[in-house]
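One file, final-v7.csv, carrying CSV, C-alpha atoms:
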```csv
chain,number,residue,atom,x,y,z
A,12,MET,CA,0.0,0.0,0.0
A,13,ASN,CA,1.4,3.4,-1.0
A,14,ALA,CA,0.8,5.7,2.1
A,15,ARG,CA,1.3,8.9,0.1
A,16,ARG,CA,-1.3,7.8,-2.5
A,17,GLU,CA,-3.7,6.8,0.2
A,18,THR,CA,-3.4,10.1,1.9
A,19,MET,CA,-3.9,12.0,-1.4
A,20,LEU,CA,-7.0,10.0,-2.3
A,21,TRP,CA,-8.4,10.5,1.2
A,22,VAL,CA,-8.0,14.2,0.9
A,23,ALA,CA,-9.4,14.2,-2.7
A,24,GLN,CA,-12.4,12.3,-1.5
A,25,ARG,CA,-13.1,14.8,1.3
A,26,VAL,CA,-12.5,17.9,-0.8
A,27,THR,CA,-14.8,16.6,-3.6
A,28,ALA,CA,-17.3,15.7,-0.9
A,29,VAL,CA,-17.5,19.3,0.2
A,30,VAL,CA,-17.8,20.5,-3.4
A,31,LEU,CA,-20.5,17.9,-4.1
A,32,ALA,CA,-22.4,18.7,-1.0
A,33,PHE,CA,-23.0,22.2,-2.5
A,34,CYS,CA,-23.6,20.9,-6.0
A,35,VAL,CA,-26.1,18.2,-5.0
A,36,LEU,CA,-28.1,20.6,-2.9
A,37,VAL,CA,-28.4,22.9,-5.9
A,38,HIS,CA,-29.1,20.0,-8.2
A,39,LEU,CA,-31.8,18.5,-5.9
A,40,ALA,CA,-33.5,22.0,-5.6
A,41,THR,CA,-33.3,22.3,-9.4
A,42,ILE,CA,-34.8,18.8,-9.9
A,43,ILE,CA,-37.7,19.6,-7.6
A,44,TYR,CA,-38.3,23.0,-9.2
A,45,ALA,CA,-38.0,21.6,-12.8
A,46,VAL,CA,-40.3,18.6,-12.5
A,47,ARG,CA,-43.3,20.8,-11.4
A,48,GLY,CA,-45.9,20.4,-14.2
A,49,GLY,CA,-43.8,17.9,-16.0
A,50,LEU,CA,-40.3,18.0,-17.7
A,51,THR,CA,-40.0,19.2,-21.3
A,52,ALA,CA,-36.9,19.4,-23.4
A,53,ALA,CA,-37.7,23.1,-24.3
A,54,GLU,CA,-37.9,24.0,-20.7
A,55,ILE,CA,-34.6,22.3,-19.8
A,56,LEU,CA,-32.7,23.6,-22.8
A,57,GLY,CA,-34.3,27.1,-22.3
A,58,ARG,CA,-32.7,27.2,-18.9
A,59,THR,CA,-29.3,25.8,-19.9
A,60,ARG,CA,-28.5,26.9,-23.5
A,61,GLY,CA,-26.0,29.8,-23.5
A,62,SER,CA,-25.9,30.0,-19.7
A,63,LEU,CA,-22.2,30.2,-18.8
A,64,ALA,CA,-22.9,30.1,-15.1
A,65,TRP,CA,-24.9,26.8,-15.3
A,66,ALA,CA,-22.3,25.3,-17.7
A,67,ALA,CA,-19.4,26.2,-15.2
A,68,PHE,CA,-21.5,24.8,-12.3
A,69,TYR,CA,-22.1,21.5,-14.1
A,70,VAL,CA,-18.5,21.2,-15.4
A,71,ILE,CA,-17.3,21.4,-11.7
A,72,PHE,CA,-20.1,19.0,-10.7
A,73,VAL,CA,-19.1,16.4,-13.3
A,74,LEU,CA,-15.4,16.6,-12.5
A,75,ALA,CA,-16.0,16.3,-8.8
A,76,VAL,CA,-18.3,13.4,-9.2
A,77,ALA,CA,-15.9,11.6,-11.5
A,78,VAL,CA,-13.1,11.8,-8.9
A,79,HIS,CA,-15.4,11.1,-5.9
A,80,GLY,CA,-17.3,8.2,-7.6
A,81,ALA,CA,-14.1,6.5,-8.7
A,82,ILE,CA,-12.4,6.8,-5.3
A,83,GLY,CA,-15.6,5.6,-3.6
A,84,LEU,CA,-15.9,2.5,-5.9
A,85,ARG,CA,-12.2,1.8,-5.3
A,86,ALA,CA,-12.8,1.6,-1.5
A,87,VAL,CA,-15.9,-0.6,-1.8
A,88,ALA,CA,-14.1,-2.9,-4.3
A,89,ALA,CA,-11.2,-3.2,-1.9
A,90,GLU,CA,-13.2,-3.8,1.3
A,91,TRP,CA,-16.1,-5.8,0.0
A,92,LEU,CA,-14.6,-7.6,-3.0
A,93,GLY,CA,-11.0,-7.8,-2.0
A,94,PHE,CA,-10.1,-6.1,-5.3
A,95,ARG,CA,-7.0,-4.0,-4.7
A,96,GLY,CA,-3.5,-3.4,-6.0
A,97,GLU,CA,-2.3,-2.0,-9.3
A,98,ALA,CA,-5.2,-3.5,-11.3
A,99,ALA,CA,-7.7,-1.8,-8.9
A,100,GLU,CA,-5.8,1.5,-9.3
A,101,PHE,CA,-6.0,1.2,-13.1
A,102,VAL,CA,-9.7,0.4,-13.1
A,103,MET,CA,-10.3,3.4,-10.7
A,104,THR,CA,-8.5,5.7,-13.2
A,105,VAL,CA,-10.5,4.4,-16.1
A,106,VAL,CA,-13.8,4.8,-14.2
A,107,ALA,CA,-12.9,8.4,-13.3
A,108,PHE,CA,-11.9,9.2,-16.9
A,109,VAL,CA,-15.0,7.6,-18.5
A,110,LEU,CA,-17.3,9.3,-16.0
A,111,ALA,CA,-15.6,12.7,-16.7
A,112,VAL,CA,-15.8,12.2,-20.5
A,113,MET,CA,-19.5,11.1,-20.5
A,114,GLY,CA,-20.4,13.9,-18.0
A,115,LEU,CA,-18.7,16.6,-20.0
A,116,ARG,CA,-20.3,15.3,-23.2
A,117,ALA,CA,-23.7,15.7,-21.5
A,118,VAL,CA,-22.8,19.2,-20.4
A,119,VAL,CA,-21.9,20.1,-24.0
A,120,ALA,CA,-25.2,18.6,-25.1
A,121,VAL,CA,-27.4,20.7,-22.9
A,122,PHE,CA,-25.3,23.9,-22.9
A,123,GLY,CA,-23.8,24.0,-26.4
B,30,MET,CA,-20.7,-8.2,15.6
B,31,ARG,CA,-24.5,-8.5,15.5
B,32,GLY,CA,-24.7,-5.8,18.2
B,33,MET,CA,-22.6,-3.5,16.1
B,34,ARG,CA,-24.7,-4.1,13.0
B,35,ASN,CA,-27.8,-2.9,14.9
B,36,HIS,CA,-26.0,0.4,15.8
B,37,PRO,CA,-27.3,3.4,13.9
B,38,GLY,CA,-23.7,4.2,12.9
B,39,TRP,CA,-23.3,0.9,11.1
B,40,ARG,CA,-26.7,1.2,9.4
B,41,ALA,CA,-25.7,4.7,8.3
B,42,PHE,CA,-22.4,3.4,6.9
B,43,VAL,CA,-24.1,0.6,4.9
B,44,VAL,CA,-26.8,3.0,3.5
B,45,HIS,CA,-24.0,5.5,2.5
B,46,ARG,CA,-22.1,2.7,0.7
B,47,ILE,CA,-25.0,1.2,-1.1
B,48,SER,CA,-26.5,4.6,-2.1
B,49,GLY,CA,-23.0,5.6,-3.4
B,50,VAL,CA,-22.6,2.5,-5.5
B,51,ALA,CA,-26.1,2.8,-6.9
B,52,LEU,CA,-25.6,6.4,-7.8
B,53,ALA,CA,-22.3,5.6,-9.5
B,54,LEU,CA,-23.9,2.9,-11.6
B,55,PHE,CA,-26.8,5.2,-12.6
B,56,LEU,CA,-24.6,8.1,-13.6
B,57,PRO,CA,-23.5,6.8,-17.1
B,58,ALA,CA,-27.2,6.3,-18.0
B,59,HIS,CA,-28.0,9.8,-16.8
B,60,PHE,CA,-25.2,11.3,-18.9
B,61,LEU,CA,-26.3,9.3,-21.9
B,62,ALA,CA,-29.9,10.5,-21.5
B,63,MET,CA,-28.8,14.2,-21.2
B,64,GLY,CA,-26.4,13.6,-24.2
B,65,LEU,CA,-29.5,12.9,-26.4
B,66,ALA,CA,-29.7,16.7,-26.7
B,67,LEU,CA,-26.8,16.4,-29.1
B,68,GLU,CA,-29.2,14.8,-31.6
B,69,GLY,CA,-31.6,17.7,-31.2
B,70,GLU,CA,-34.3,19.0,-28.8
B,71,ALA,CA,-36.9,16.6,-30.4
B,72,ARG,CA,-34.8,13.5,-29.4
B,73,LEU,CA,-34.5,14.7,-25.8
B,74,GLU,CA,-38.3,15.4,-25.8
B,75,GLU,CA,-39.0,11.9,-27.0
B,76,PHE,CA,-37.0,10.5,-24.2
B,77,LEU,CA,-38.7,12.7,-21.6
B,78,ARG,CA,-42.1,11.6,-22.9
B,79,TRP,CA,-41.0,7.9,-22.5
B,80,SER,CA,-39.9,8.7,-18.9
B,81,GLU,CA,-43.4,9.6,-17.9
B,82,GLN,CA,-44.3,5.9,-17.3
B,83,PRO,CA,-45.2,5.2,-13.6
B,84,LEU,CA,-42.3,2.7,-13.3
B,85,VAL,CA,-39.7,5.3,-14.6
B,86,ILE,CA,-41.1,7.9,-12.2
B,87,ALA,CA,-40.8,5.4,-9.3
B,88,GLY,CA,-37.2,4.9,-10.4
B,89,GLU,CA,-36.6,8.7,-10.4
B,90,TRP,CA,-38.1,8.9,-6.9
B,91,VAL,CA,-35.7,6.1,-5.7
B,92,LEU,CA,-32.8,8.0,-7.3
B,93,VAL,CA,-33.8,11.3,-5.6
B,94,MET,CA,-34.0,9.5,-2.3
B,95,LEU,CA,-30.6,7.9,-2.9
B,96,LEU,CA,-29.0,11.2,-3.8
B,97,ALA,CA,-30.5,12.9,-0.7
B,98,VAL,CA,-29.5,10.1,1.6
B,99,HIS,CA,-26.0,10.0,0.2
B,100,LEU,CA,-25.6,13.8,0.6
B,101,ALA,CA,-26.9,13.8,4.1
B,102,GLY,CA,-24.9,10.7,5.1
B,103,GLY,CA,-21.8,12.4,3.6
B,104,LEU,CA,-22.3,15.5,5.6
B,105,ARG,CA,-22.7,13.4,8.7
B,106,LEU,CA,-19.4,11.7,7.9
B,107,LEU,CA,-17.6,15.0,7.3
B,108,ALA,CA,-19.0,16.3,10.6
B,109,LEU,CA,-17.8,13.2,12.4
B,110,GLU,CA,-14.3,13.3,10.9
B,111,LEU,CA,-13.6,17.0,10.8
B,112,LEU,CA,-15.5,18.5,13.8
B,113,PRO,CA,-14.5,17.9,17.4
B,114,TRP,CA,-17.8,16.7,18.9
B,115,ARG,CA,-18.8,13.1,18.4
B,116,ASN,CA,-21.6,12.5,21.0
B,117,TRP,CA,-24.5,13.1,18.7
B,118,GLN,CA,-23.9,10.5,16.0
B,119,LYS,CA,-27.5,9.1,16.3
B,120,THR,CA,-28.9,12.6,15.9
B,121,LEU,CA,-26.8,13.1,12.7
B,122,ALA,CA,-28.0,9.8,11.3
B,123,ALA,CA,-31.6,10.7,12.1
B,124,LEU,CA,-31.2,14.1,10.5
B,125,ALA,CA,-29.8,12.4,7.4
B,126,ALA,CA,-32.8,10.1,7.2
B,127,GLY,CA,-35.2,12.9,7.7
B,128,PHE,CA,-33.6,15.0,5.0
B,129,ALA,CA,-33.8,12.1,2.5
B,130,MET,CA,-37.5,11.6,3.4
B,131,ALA,CA,-38.3,15.3,3.0
B,132,SER,CA,-36.5,15.4,-0.4
B,133,GLY,CA,-38.4,12.3,-1.6
B,134,LEU,CA,-41.7,13.8,-0.5
B,135,LEU,CA,-41.0,17.1,-2.1
B,136,PHE,CA,-40.1,15.4,-5.4
B,137,LEU,CA,-43.3,13.3,-5.3
B,138,LEU,CA,-45.5,16.4,-4.6
B,139,ALA,CA,-43.8,18.3,-7.4
B,140,ARG,CA,-43.8,15.4,-9.9
```
Write out the structure in this file as structure tokens.
Amino acid sequence: MNARRETMLWVAQRVTAVVLAFCVLVHLATIIYAVRGGLTAAEILGRTRGSLAWAAFYVIFVLAVAVHGAIGLRAVAAEWLGFRGEAAEFVMTVVAFVLAVMGLRAVVAVFG
Amino acid sequence: MRGMRNHPGWRAFVVHRISGVALALFLPAHFLAMGLALEGEARLEEFLRWSEQPLVIAGEWVLVMLLAVHLAGGLRLLALELLPWRNWQKTLAALAAGFAMASGLLFLLAR
């Protein structure tokens, strides 16, 4: 076990948790506001298209969730499945990368 | 061990883990759904009309609850790890559960 890497991942998990706490509160409030009277594409895109503030918010949200999700899955895989070591580190990196790419693609789709 | 598993702290830990894994598994589907807007507004609208089935709405409600419970459980963990007082763990766990229930109820009322 690499102690320095473990410390860095522990810090990254807590820092992203704080960022995500704010993002998820905003996201939950937006969901509850947006679903009133049913969701429509026009309503969603009307809110997001061309809005730099919302785009910046969701870019930060996606990047934080990619890091947080990958580190969280790594911990669960190690403790509950016994999956650890270099292979687990590689899979965690791939998961973070795929989540970030898919998330940023979604941001481009609704803000572009 | 069985005694420990009945402890609110243990239950809160398991709920946090399971909600986290479920949310991580859901995320790619959510990103793909939002990505449909790349094919135009009509394609996203078609998906949203499909999502109006009762089973899909029930799934959305479960996801809102999972998100709220993971948020509240995460704040509980941050408080336990980073703040000096530790004698109200049960209160924090109860607050986390209450926040999730309130979010789920608000979602259902709005939807």
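Taking all atoms listed in the file into account, Ala28 in chain A lies nearest to B:Gly102 out of the set B:Gly38, B:Gly102, B:Pro83, B:Gly64.
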At a cut-off of 12 Å around the point (-23.8, 6.1, -11.0) (file coordinates), what residues fall inside when counting only C-alpha atoms? I'd like the answer as a PDB file with C-alpha atoms, in the coordinates of the input.
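Okay, point-v2.pdb is ready:
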```pdb
ATOM      1  CA  VAL A  73     -19.100  16.400 -13.300  1.00  0.00           C
ATOM      2  CA  VAL A  76     -18.300  13.400  -9.200  1.00  0.00           C
ATOM      3  CA  ALA A  77     -15.900  11.600 -11.500  1.00  0.00           C
ATOM      4  CA  HIS A  79     -15.400  11.100  -5.900  1.00  0.00           C
ATOM      5  CA  GLY A  80     -17.300   8.200  -7.600  1.00  0.00           C
ATOM      6  CA  ALA A  81     -14.100   6.500  -8.700  1.00  0.00           C
ATOM      7  CA  GLY A  83     -15.600   5.600  -3.600  1.00  0.00           C
ATOM      8  CA  LEU A  84     -15.900   2.500  -5.900  1.00  0.00           C
ATOM      9  CA  VAL A 106     -13.800   4.800 -14.200  1.00  0.00           C
ATOM     10  CA  ALA A 107     -12.900   8.400 -13.300  1.00  0.00           C
ATOM     11  CA  VAL A 109     -15.000   7.600 -18.500  1.00  0.00           C
ATOM     12  CA  LEU A 110     -17.300   9.300 -16.000  1.00  0.00           C
ATOM     13  CA  ALA A 111     -15.600  12.700 -16.700  1.00  0.00           C
ATOM     14  CA  MET A 113     -19.500  11.100 -20.500  1.00  0.00           C
ATOM     15  CA  GLY A 114     -20.400  13.900 -18.000  1.00  0.00           C
TER      16      GLY A 114
ATOM     17  CA  ILE B  47     -25.000   1.200  -1.100  1.00  0.00           C
ATOM     18  CA  SER B  48     -26.500   4.600  -2.100  1.00  0.00           C
ATOM     19  CA  GLY B  49     -23.000   5.600  -3.400  1.00  0.00           C
ATOM     20  CA  VAL B  50     -22.600   2.500  -5.500  1.00  0.00           C
ATOM     21  CA  ALA B  51     -26.100   2.800  -6.900  1.00  0.00           C
ATOM     22  CA  LEU B  52     -25.600   6.400  -7.800  1.00  0.00           C
ATOM     23  CA  ALA B  53     -22.300   5.600  -9.500  1.00  0.00           C
ATOM     24  CA  LEU B  54     -23.900   2.900 -11.600  1.00  0.00           C
ATOM     25  CA  PHE B  55     -26.800   5.200 -12.600  1.00  0.00           C
ATOM     26  CA  LEU B  56     -24.600   8.100 -13.600  1.00  0.00           C
ATOM     27  CA  PRO B  57     -23.500   6.800 -17.100  1.00  0.00           C
ATOM     28  CA  ALA B  58     -27.200   6.300 -18.000  1.00  0.00           C
ATOM     29  CA  HIS B  59     -28.000   9.800 -16.800  1.00  0.00           C
ATOM     30  CA  PHE B  60     -25.200  11.300 -18.900  1.00  0.00           C
ATOM     31  CA  LEU B  61     -26.300   9.300 -21.900  1.00  0.00           C
ATOM     32  CA  LEU B  92     -32.800   8.000  -7.300  1.00  0.00           C
ATOM     33  CA  LEU B  95     -30.600   7.900  -2.900  1.00  0.00           C
ATOM     34  CA  LEU B  96     -29.000  11.200  -3.800  1.00  0.00           C
TER      35      LEU B  96
END
```
Here is a test: counting only C-alpha atoms, which residue of A:Phe122, A:Phe68, A:Phe94, A:Phe101 is nearest to chain B? A:Phe122
Interface, chain A side, toward chain B (8 Å; only C-alpha atoms) as a PyMOL selection string: chain A and resi 25+28+32+35+39+42-44+46-53+56+80+83-84+87+110+113-114+116-121
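Distance annotation: of B:Leu134, B:Thr120, B:Arg105, B:Pro113, the residue with the minimal separation from Trp90 in chain B is B:Leu134; atom set is only C-alpha atoms.
Coordinates place CA of Val78 in chain A at a distance of 18.2 Å from CA of Gly96 in chain A.
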What's the separation between CA of Trp39 in chain B and CA of Ala122 in chain B, in Å to one decimal place? 10.1 Å
Find the residues near Ala123 in chain B: any atom within 12 Å, counting all atoms listed in the file, skip ones fewer than 2 places away on the same chain, and give them as a ChimeraX atom specification. /B:37-38,40-41,98,101-102,105,117-121,125-130
Go ahead and save the residues from that selection, with C-alpha atoms, as a CSV table (one decimal), keeping the file's coordinate frame.
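Saved the output as result_20.csv:
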```
chain,number,residue,atom,x,y,z
B,37,PRO,CA,-27.3,3.4,13.9
B,38,GLY,CA,-23.7,4.2,12.9
B,40,ARG,CA,-26.7,1.2,9.4
B,41,ALA,CA,-25.7,4.7,8.3
B,98,VAL,CA,-29.5,10.1,1.6
B,101,ALA,CA,-26.9,13.8,4.1
B,102,GLY,CA,-24.9,10.7,5.1
B,105,ARG,CA,-22.7,13.4,8.7
B,117,TRP,CA,-24.5,13.1,18.7
B,118,GLN,CA,-23.9,10.5,16.0
B,119,LYS,CA,-27.5,9.1,16.3
B,120,THR,CA,-28.9,12.6,15.9
B,121,LEU,CA,-26.8,13.1,12.7
B,125,ALA,CA,-29.8,12.4,7.4
B,126,ALA,CA,-32.8,10.1,7.2
B,127,GLY,CA,-35.2,12.9,7.7
B,128,PHE,CA,-33.6,15.0,5.0
B,129,ALA,CA,-33.8,12.1,2.5
B,130,MET,CA,-37.5,11.6,3.4
```
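One finds CA of Val91 in chain B at 19.1 Å from CA of Cys34 in chain A.
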